Each structure stands twice: as structure tokens, then as C-alpha cells.
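Okay, upload-v8.csv is below, CSV, C-alpha atoms and all ligand atoms:
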```csv
chain,number,residue,atom,x,y,z
H,112,MET,CA,-33.4,-73.8,212.3
H,113,THR,CA,-32.1,-70.3,212.5
H,114,GLU,CA,-28.5,-71.1,211.8
H,115,ASP,CA,-26.7,-70.7,208.6
H,116,ALA,CA,-24.7,-73.7,207.6
H,117,GLU,CA,-24.8,-74.0,203.9
H,118,LEU,CA,-22.7,-75.4,201.1
H,119,PRO,CA,-22.3,-72.4,198.8
H,120,ARG,CA,-20.1,-72.5,195.8
H,121,ASP,CA,-19.4,-68.8,196.2
H,122,TRP,CA,-18.0,-68.7,199.8
H,123,ALA,CA,-17.2,-64.9,199.5
H,124,ALA,CA,-20.9,-64.1,199.2
H,125,TYR,CA,-21.6,-66.5,202.0
H,126,TYR,CA,-19.1,-64.8,204.2
H,127,ASP,CA,-20.6,-61.4,203.5
H,128,LYS,CA,-24.0,-62.7,204.6
H,129,THR,CA,-22.9,-64.5,207.8
H,130,GLY,CA,-19.9,-62.5,209.2
H,131,ALA,CA,-22.1,-60.1,211.1
H,132,ARG,CA,-24.2,-62.8,212.7
H,133,PRO,CA,-24.0,-63.4,216.4
H,134,PRO,CA,-21.7,-66.1,217.8
H,135,CYS,CA,-23.0,-69.7,218.0
H,136,GLU,CA,-24.8,-70.9,221.1
H,137,THR,CA,-22.2,-73.7,221.5
H,138,LEU,CA,-19.4,-71.2,221.7
H,139,LEU,CA,-21.3,-69.0,224.2
H,140,PHE,CA,-22.1,-72.1,226.3
H,141,ALA,CA,-18.4,-73.2,226.4
H,142,LEU,CA,-17.3,-69.6,227.2
H,143,ASP,CA,-19.8,-69.5,230.1
H,144,ARG,CA,-18.4,-72.8,231.4
H,145,PHE,CA,-14.9,-71.4,231.3
H,146,GLY,CA,-16.1,-68.3,233.0
H,147,SER,CA,-17.8,-70.1,235.8
H,148,GLU,CA,-14.5,-72.1,236.4
H,149,SER,CA,-12.4,-68.9,236.6
H,150,MET,CA,-13.1,-67.4,240.0
H,151,ALA,CA,-9.8,-65.6,240.2
H,152,GLY,CA,-8.4,-63.3,237.5
H,153,PRO,CA,-9.8,-62.6,234.0
H,154,VAL,CA,-11.6,-65.6,232.4
H,155,SER,CA,-9.4,-65.3,229.3
H,156,GLU,CA,-6.1,-65.2,231.0
H,157,GLY,CA,-3.8,-67.4,229.0
H,158,ARG,CA,-6.7,-69.1,227.1
H,159,PHE,CA,-6.0,-70.3,223.6
H,160,ALA,CA,-8.7,-71.4,221.1
H,161,VAL,CA,-8.6,-72.9,217.6
H,162,ASP,CA,-11.5,-72.0,215.4
H,163,LEU,CA,-11.8,-74.7,212.8
H,164,GLY,CA,-13.7,-73.6,209.7
H,165,CYS,CA,-13.8,-70.0,211.0
H,166,GLY,CA,-15.6,-68.5,208.0
H,167,SER,CA,-15.6,-64.8,208.3
H,168,GLY,CA,-15.3,-65.0,212.0
H,169,ARG,CA,-18.5,-64.5,213.9
H,170,ASP,CA,-17.1,-66.9,216.6
H,171,THR,CA,-13.5,-65.8,216.3
H,172,ILE,CA,-14.4,-62.2,216.9
H,173,GLU,CA,-16.3,-63.1,220.1
H,174,LEU,CA,-13.3,-65.0,221.4
H,175,LEU,CA,-11.0,-62.1,220.6
H,176,ARG,CA,-13.4,-59.7,222.3
H,177,ARG,CA,-13.1,-61.8,225.4
H,178,GLY,CA,-9.3,-61.7,225.3
H,179,TRP,CA,-8.6,-65.2,224.0
H,180,ARG,CA,-5.7,-65.9,221.7
H,181,VAL,CA,-7.1,-67.5,218.6
H,182,LEU,CA,-5.8,-69.6,215.7
H,183,ALA,CA,-8.4,-69.4,213.0
H,184,ILE,CA,-8.2,-72.1,210.3
H,185,ASP,CA,-10.2,-72.3,207.1
H,186,ALA,CA,-9.6,-74.0,203.7
H,187,GLU,CA,-10.9,-70.9,201.9
H,188,PRO,CA,-8.4,-68.0,201.5
H,189,ALA,CA,-11.5,-65.7,201.3
H,190,ALA,CA,-12.5,-66.6,204.8
H,191,ILE,CA,-9.2,-65.7,206.3
H,192,ASP,CA,-9.0,-62.5,204.2
H,193,LYS,CA,-12.5,-61.5,205.4
H,194,LEU,CA,-11.7,-62.3,209.0
H,195,THR,CA,-8.4,-60.5,209.2
H,196,THR,CA,-9.8,-57.4,207.5
H,197,ARG,CA,-12.9,-57.0,209.7
H,198,ASN,CA,-13.2,-53.5,210.9
H,199,ASP,CA,-14.5,-54.7,214.3
H,200,LEU,CA,-11.4,-56.6,215.3
H,201,PRO,CA,-10.3,-55.6,218.8
H,202,VAL,CA,-7.3,-53.4,218.7
H,203,ALA,CA,-5.5,-55.5,221.3
H,204,ARG,CA,-5.8,-59.0,219.7
H,205,ASP,CA,-3.8,-62.1,219.3
H,206,LEU,CA,-5.1,-63.7,216.1
H,207,THR,CA,-3.4,-66.0,213.7
H,208,GLY,CA,-5.0,-67.1,210.4
H,209,GLN,CA,-4.1,-70.4,208.6
H,210,VAL,CA,-5.4,-71.3,205.2
H,211,ALA,CA,-5.6,-75.1,205.2
H,212,PRO,CA,-8.0,-78.0,204.9
H,213,PHE,CA,-8.6,-79.6,208.3
H,214,GLU,CA,-7.0,-82.7,207.0
H,215,ALA,CA,-3.6,-80.9,206.5
H,216,ALA,CA,-4.0,-78.1,209.1
H,217,GLU,CA,-1.7,-78.0,212.1
H,218,TRP,CA,-2.5,-76.6,215.5
H,219,PRO,CA,-1.0,-76.9,218.9
H,220,ARG,CA,-2.6,-78.0,222.2
H,221,CYS,CA,-5.4,-75.6,223.2
H,222,ASP,CA,-8.1,-74.9,225.7
H,223,LEU,CA,-10.9,-74.8,223.1
H,224,VAL,CA,-11.5,-76.2,219.7
H,225,ASN,CA,-14.5,-74.4,218.3
H,226,SER,CA,-15.9,-75.6,215.0
H,227,SER,CA,-19.3,-74.2,214.1
H,228,PHE,CA,-21.1,-75.9,211.2
H,229,ALA,CA,-17.9,-77.0,209.6
H,230,LEU,CA,-16.9,-80.5,210.6
H,231,PRO,CA,-19.7,-82.2,208.6
H,232,LEU,CA,-18.2,-80.7,205.5
H,233,MET,CA,-15.5,-83.3,205.5
H,234,ALA,CA,-15.5,-86.6,203.8
H,235,PRO,CA,-16.0,-89.7,206.0
H,236,ARG,CA,-12.6,-91.0,205.0
H,237,ASP,CA,-11.0,-87.9,206.6
H,238,PHE,CA,-13.3,-87.4,209.5
H,239,ASP,CA,-12.0,-89.8,212.1
H,240,ALA,CA,-8.3,-88.8,211.8
H,241,VAL,CA,-9.2,-85.1,212.1
H,242,TRP,CA,-11.5,-86.0,215.1
H,243,ARG,CA,-8.6,-87.9,216.8
H,244,ARG,CA,-6.4,-84.8,216.4
H,245,ILE,CA,-9.0,-82.5,217.8
H,246,ALA,CA,-9.6,-84.7,220.9
H,247,GLY,CA,-5.8,-85.2,221.3
H,248,SER,CA,-5.1,-81.4,221.1
H,249,LEU,CA,-7.4,-80.5,224.1
H,250,ASN,CA,-5.6,-79.5,227.3
H,251,PRO,CA,-6.9,-81.1,230.5
H,252,GLY,CA,-10.1,-79.2,231.2
H,253,GLY,CA,-10.3,-78.1,227.5
H,254,ARG,CA,-13.4,-78.1,225.5
H,255,ILE,CA,-14.8,-78.8,222.0
H,256,ALA,CA,-17.8,-76.8,220.8
H,257,CYS,CA,-19.2,-77.9,217.5
H,258,GLN,CA,-22.2,-79.0,215.3
H,259,LEU,CA,-22.6,-82.3,213.7
H,260,TYR,CA,-25.3,-83.3,211.2
H,261,GLY,CA,-27.7,-86.2,211.7
H,262,PRO,CA,-29.0,-88.7,209.2
H,263,ARG,CA,-32.3,-87.0,208.6
H,264,ASP,CA,-30.7,-83.8,207.4
H,265,SER,CA,-31.6,-82.9,203.8
H,266,TRP,CA,-28.0,-83.1,202.9
H,267,ALA,CA,-27.5,-86.6,204.2
H,268,GLY,CA,-25.8,-88.8,201.6
H,269,ARG,CA,-24.0,-85.9,199.8
H,270,ALA,CA,-20.5,-86.8,198.7
H,271,GLY,CA,-17.8,-85.2,200.7
H,272,MET,CA,-19.9,-84.8,203.9
H,273,THR,CA,-20.1,-86.8,207.1
H,274,PHE,CA,-23.3,-87.5,209.1
H,275,HIS,CA,-23.7,-89.0,212.6
H,276,ASP,CA,-26.7,-90.6,214.2
H,277,ARG,CA,-27.1,-90.3,217.9
H,278,ALA,CA,-25.3,-93.6,218.6
H,279,ALA,CA,-22.4,-92.4,216.5
H,280,VAL,CA,-22.3,-89.1,218.3
H,281,ASP,CA,-22.1,-90.9,221.7
H,282,ALA,CA,-19.3,-93.1,220.4
H,283,LEU,CA,-17.4,-90.1,219.1
H,284,PHE,CA,-17.5,-88.3,222.4
H,285,GLU,CA,-16.5,-91.4,224.5
H,286,GLY,CA,-13.8,-90.3,226.9
H,287,LEU,CA,-15.1,-86.7,226.9
H,288,GLU,CA,-17.7,-85.3,229.2
H,289,ILE,CA,-20.7,-84.0,227.3
H,290,GLU,CA,-21.9,-80.8,228.8
H,291,MET,CA,-24.4,-79.7,226.2
H,292,LEU,CA,-26.1,-81.8,223.6
H,293,ARG,CA,-29.1,-80.3,221.8
H,294,GLU,CA,-30.6,-82.3,218.9
H,295,GLU,CA,-32.5,-80.0,216.5
H,296,GLU,CA,-34.8,-80.9,213.7
H,297,ASP,CA,-36.4,-78.1,211.8
H,298,ASP,CA,-37.8,-77.3,208.4
H,299,SER,CA,-36.7,-73.9,207.3
H,300,THR,CA,-34.5,-72.3,204.6
H,301,THR,CA,-30.8,-71.8,204.0
H,302,PRO,CA,-29.4,-68.3,203.9
H,303,ARG,CA,-30.0,-68.5,200.1
H,304,GLY,CA,-33.6,-69.1,200.7
H,305,LYS,CA,-33.6,-72.8,199.7
H,306,PRO,CA,-35.9,-75.1,201.7
H,307,LYS,CA,-34.1,-77.5,203.9
H,308,HIS,CA,-34.7,-80.0,206.7
H,309,TRP,CA,-32.0,-79.5,209.3
H,310,HIS,CA,-31.0,-82.3,211.6
H,311,VAL,CA,-28.2,-80.9,213.8
H,312,PHE,CA,-26.5,-81.9,217.0
H,313,HIS,CA,-25.2,-78.8,218.9
H,314,ILE,CA,-22.5,-80.1,221.3
H,315,VAL,CA,-20.0,-78.9,223.9
H,316,ALA,CA,-17.8,-81.4,225.6
H,317,ARG,CA,-14.9,-81.2,228.1
H,318,ASN,CA,-11.7,-83.1,228.4
H,319,SER,CA,-12.0,-84.1,232.0
H,320,ALA,CA,-8.8,-86.1,232.1
H,321,ASN,CA,-6.0,-84.8,234.3
J,1,LIG,C1,-20.8,-73.3,207.0
J,1,LIG,S1,-19.3,-72.4,207.1
J,1,LIG,C2,-19.3,-71.9,208.8
J,1,LIG,C3,-18.4,-70.8,209.1
J,1,LIG,C4,-18.3,-70.3,210.5
J,1,LIG,N1,-17.8,-71.4,211.4
J,1,LIG,C5,-19.7,-69.8,211.0
J,1,LIG,O1,-20.3,-70.5,211.8
J,1,LIG,O2,-20.1,-68.8,210.5
J,1,LIG,C6,-18.1,-73.7,207.0
J,1,LIG,C7,-16.7,-73.2,206.9
J,1,LIG,O3,-15.8,-74.3,207.0
J,1,LIG,C8,-14.8,-74.3,205.9
J,1,LIG,N2,-14.5,-75.6,205.6
J,1,LIG,C9,-15.3,-76.6,205.1
J,1,LIG,N3,-14.7,-77.7,205.0
J,1,LIG,C10,-13.4,-77.5,205.4
J,1,LIG,C11,-12.3,-78.3,205.4
J,1,LIG,N4,-12.3,-79.6,205.1
J,1,LIG,N5,-11.1,-77.8,205.9
J,1,LIG,C12,-11.1,-76.5,206.3
J,1,LIG,N6,-12.1,-75.7,206.2
J,1,LIG,C13,-13.3,-76.2,205.8
J,1,LIG,C14,-15.5,-73.5,204.8
J,1,LIG,O4,-14.5,-72.9,204.0
J,1,LIG,C15,-16.4,-72.5,205.6
J,1,LIG,O5,-15.7,-71.3,205.8
```

Write the structure described by the file as C-alpha cells, please.
Ligand SMILES: C[S@@+](CC[C@H](N)C(=O)[O-])C[C@H]1O[C@@H](n2cnc3c(N)ncnc32)[C@H](O)[C@@H]1O
Amino acid sequence: MTEDAELPRDWAAYYDKTGARPPCETLLFALDRFGSESMAGPVSEGRFAVDLGCGSGRDTIELLRRGWRVLAIDAEPAAIDKLTTRNDLPVARDLTGQVAPFEAAEWPRCDLVNSSFALPLMAPRDFDAVWRRIAGSLNPGGRIACQLYGPRDSWAGRAGMTFHDRAAVDALFEGLEIEMLREEEDDSTTPRGKPKHWHVFHIVARNSAN
């Protein structure tokens, strides 16, 4: 596992460590799919993404670089501060930050909901309602790119987190067309050097409804 999802108490330090990391493979996969659909005109023309749990913005920045409009949402004020003061933000950008927990956040219909290593950090009692709002906010042809954690993850059972086995993942994505699903299990360390078993689903799915 080379990714960097962790549950730090000190998010500011976490953001310092992770902000400069490259964008997630799930985001890049989704952007490639949008790109291959866009034969005429710039890929990003009119495209609007919501980055749920944006952190310090390693994915948001990639979207902005490619000309997307982005609403970046995070419960931590430090995340939005860090993102909006990055010195590598494109000059011409359309970025809005919102400090809110997913459960209370508001976002309009969009072409992409990106949520890297963030949705599992929600309590099971909140997860389903937020998921319904995510799925309901996707424009026709829109996509979700995200990570979910499986039951063999070291953190399984932690209070305030949600885990999905493969059957639960399939049920969650019913009605959406799964374009990428990579299940990863790996023993490595967290960014803070703590040993951890990772069980992660990397997923991109498309709203194929008209
Ligand atoms: C592991 S970090 C990932 C950050 C970023 N997506 C990345 O990949 O670098 C998870 C982020 O989700 C945010 N987060 C966690 N639970 C949240 C919730 N319920 N509502 C809003 N944001 C949340 C945290 O504040 C944190 O910035």
C-alpha cells in the first residue's frame, strides 16, 4: 500500500505531509475516461467536480490544472486553508472551498464526485444517507471516484468508521456502471510509520442513466 490514508489527530501535520503527493489513481482513471469521451473541444469544458474530503488538495489541484471547476469540501478548516493558500494553484481557477462534515455539506449536481480515502471516515449511521446524496448528485454520464475500506483492514471495527466487504461494495454501486474496481491488500506503514494492514477498494463508477 503506497497511499496515505490515516486517522491523524493533528490534521495540519498530515496535510503538510500529503499535499504534495501525486493525485490518486482513481481520479486519474476518471479523468482519462472523461478525456476519451470528449472528442470535440477541451475535455474540461463546463466540467464541474466536487472533492469530498479534499485534504490539502492533491486531487483538487489536478482537477484545477485541467480546467475543471471544483467545489472542495472538508470538515477541517485547516484543510481548506491549506488548499486555498497553496502556491501552485493555477492562476485561472474556479475553486470554492466549503468547511463542513459530509453529513451537513451541500453540493449541487456535478460531473464528478471525487473522494479519496475519506468516505470510510464516516460513521455507519451517516454513510448511507451521504452515499444516496452522492449518487443522486451525479449528472447523466457523471462519475464517482473513491476508496472504500474492506473488513480485513487493520482499522476495521474502529468507532466512527465504515467498512464494506465485496458484496456490500457491489450493493452500494447497484445502478451505477463500475469502470474500475481494484481490491488491494497490503502490509505496509502509515505516513507516520505505523505498521498497518490495508484492505482498500479503489473504485470509479459512471452514472449511465440518461
Ligand atoms: C485521509 S484524508 C484524505 C485527504 C485527501 N482526499 C487526500 O487523498 O489527500 C481524509 C480527509 O477527509 C476529511 N474528512 C474525514 N471525515 C470527514 C467528514 N465526515 N466530513 C468531511 N470531511 C471529512 C478529513 O478532514 C481529511 O481531510

Within 8 Å of ligand LIG 1 (chain J), which residues of chain H show up? Give each one with its shortest atom-to-atom distance in Å (one decimal) and the two atoms involved, counting all atoms listed in the file, rows by chain then rising residue number, as CSV.
```
residue,atom,partner,partner_atom,distance
H:Asp115,CA,J:LIG1,C1,6.6
H:Ala116,CA,J:LIG1,C1,4.0
H:Glu117,CA,J:LIG1,C1,5.1
H:Leu118,CA,J:LIG1,C1,6.5
H:Trp122,CA,J:LIG1,O4,6.9
H:Tyr126,CA,J:LIG1,O5,7.5
H:Thr129,CA,J:LIG1,O2,5.8
H:Gly130,CA,J:LIG1,O2,6.4
H:Arg132,CA,J:LIG1,O2,7.6
H:Pro134,CA,J:LIG1,O1,7.6
H:Cys135,CA,J:LIG1,O1,6.8
H:Asp162,CA,J:LIG1,N1,7.5
H:Leu163,CA,J:LIG1,N6,6.7
H:Gly164,CA,J:LIG1,O3,3.5
H:Cys165,CA,J:LIG1,N1,4.3
H:Gly166,CA,J:LIG1,O5,3.6
H:Ser167,CA,J:LIG1,O2,6.4
H:Gly168,CA,J:LIG1,C4,6.3
H:Arg169,CA,J:LIG1,O2,5.7
H:Asp170,CA,J:LIG1,O1,6.8
H:Ile184,CA,J:LIG1,C12,6.6
H:Asp185,CA,J:LIG1,N6,4.0
H:Ala186,CA,J:LIG1,C12,3.9
H:Glu187,CA,J:LIG1,O4,4.6
H:Ala190,CA,J:LIG1,O5,5.8
H:Val210,CA,J:LIG1,C12,7.8
H:Ala211,CA,J:LIG1,C12,5.8
H:Pro212,CA,J:LIG1,N5,3.3
H:Phe213,CA,J:LIG1,N5,3.9
H:Glu214,CA,J:LIG1,N4,6.4
H:Ala216,CA,J:LIG1,N5,7.8
H:Ser226,CA,J:LIG1,N1,5.8
H:Ser227,CA,J:LIG1,N1,4.2
H:Phe228,CA,J:LIG1,C1,4.9
H:Ala229,CA,J:LIG1,C6,4.2
H:Leu230,CA,J:LIG1,N3,6.6
H:Pro231,CA,J:LIG1,N3,7.6
H:Leu232,CA,J:LIG1,N3,4.6
H:Met233,CA,J:LIG1,N4,4.9
H:Ala234,CA,J:LIG1,N4,7.8
```

Exercise. Interatomic distance between CA of Thr137 (chain H) and CA of Met291 (chain H)?
Worked result: 7.9 Å

Surrounding residues of Asn318 (chain H) excluding itself and chain neighbours under 5 positions, 7 Å, only C-alpha atoms, as a compact mmCIF listing (two decimals) with C-alpha atoms, in the coordinates of the input:
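As written to disk, selection-v4.txt reads:
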```
# COMPACT_ATOMS: atom_id res chain seq x y z
CA LEU H 249 -7.40 -80.50 224.10
CA PRO H 251 -6.90 -81.10 230.50
CA GLY H 252 -10.10 -79.20 231.20
CA GLY H 253 -10.30 -78.10 227.50
CA ARG H 254 -13.40 -78.10 225.50
CA LEU H 287 -15.10 -86.70 226.90
CA GLU H 288 -17.70 -85.30 229.20
```

For this session: For His313 (chain H), work out the shell of residues within 10 Å, counting only C-alpha atoms and skipping chain neighbours fewer than 2 positions away, then give it as a list of chain:residue names.
Result: H:Cys135, H:Glu136, H:Thr137, H:Leu138, H:Ser227, H:Phe228, H:Ala256, H:Cys257, H:Gln258, H:Leu259, H:Tyr260, H:Met291, H:Leu292, H:Arg293, H:Glu294, H:Glu295, H:His310, H:Val311, H:Val315

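Note that CA of Ala160 (chain H) and CA of Phe140 (chain H) are 14.4 Å apart.
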
Problem set entry | Interatomic distance (Å, one decimal) between CA of Ala123 (chain H) and CA of Leu139 (chain H) | 25.4 Å

Problem set entry | Nearest to Thr171 (chain H), chosen from H:Ser265, H:Gly208, H:Gly146, H:Ala141, with all atoms listed in the file counted in the distances | H:Gly208

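Restricting the calculation to all atoms listed in the file, the smallest distance between Cys221 (chain H) and any of H:Ile172, H:Phe274, H:Thr300, H:Gly157 is found for H:Gly157.
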
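The closest residue to Leu283 (chain H), picked from H:Ile245, H:Ala267, H:Leu142, H:Leu175 and counting all atoms listed in the file, is H:Ile245.
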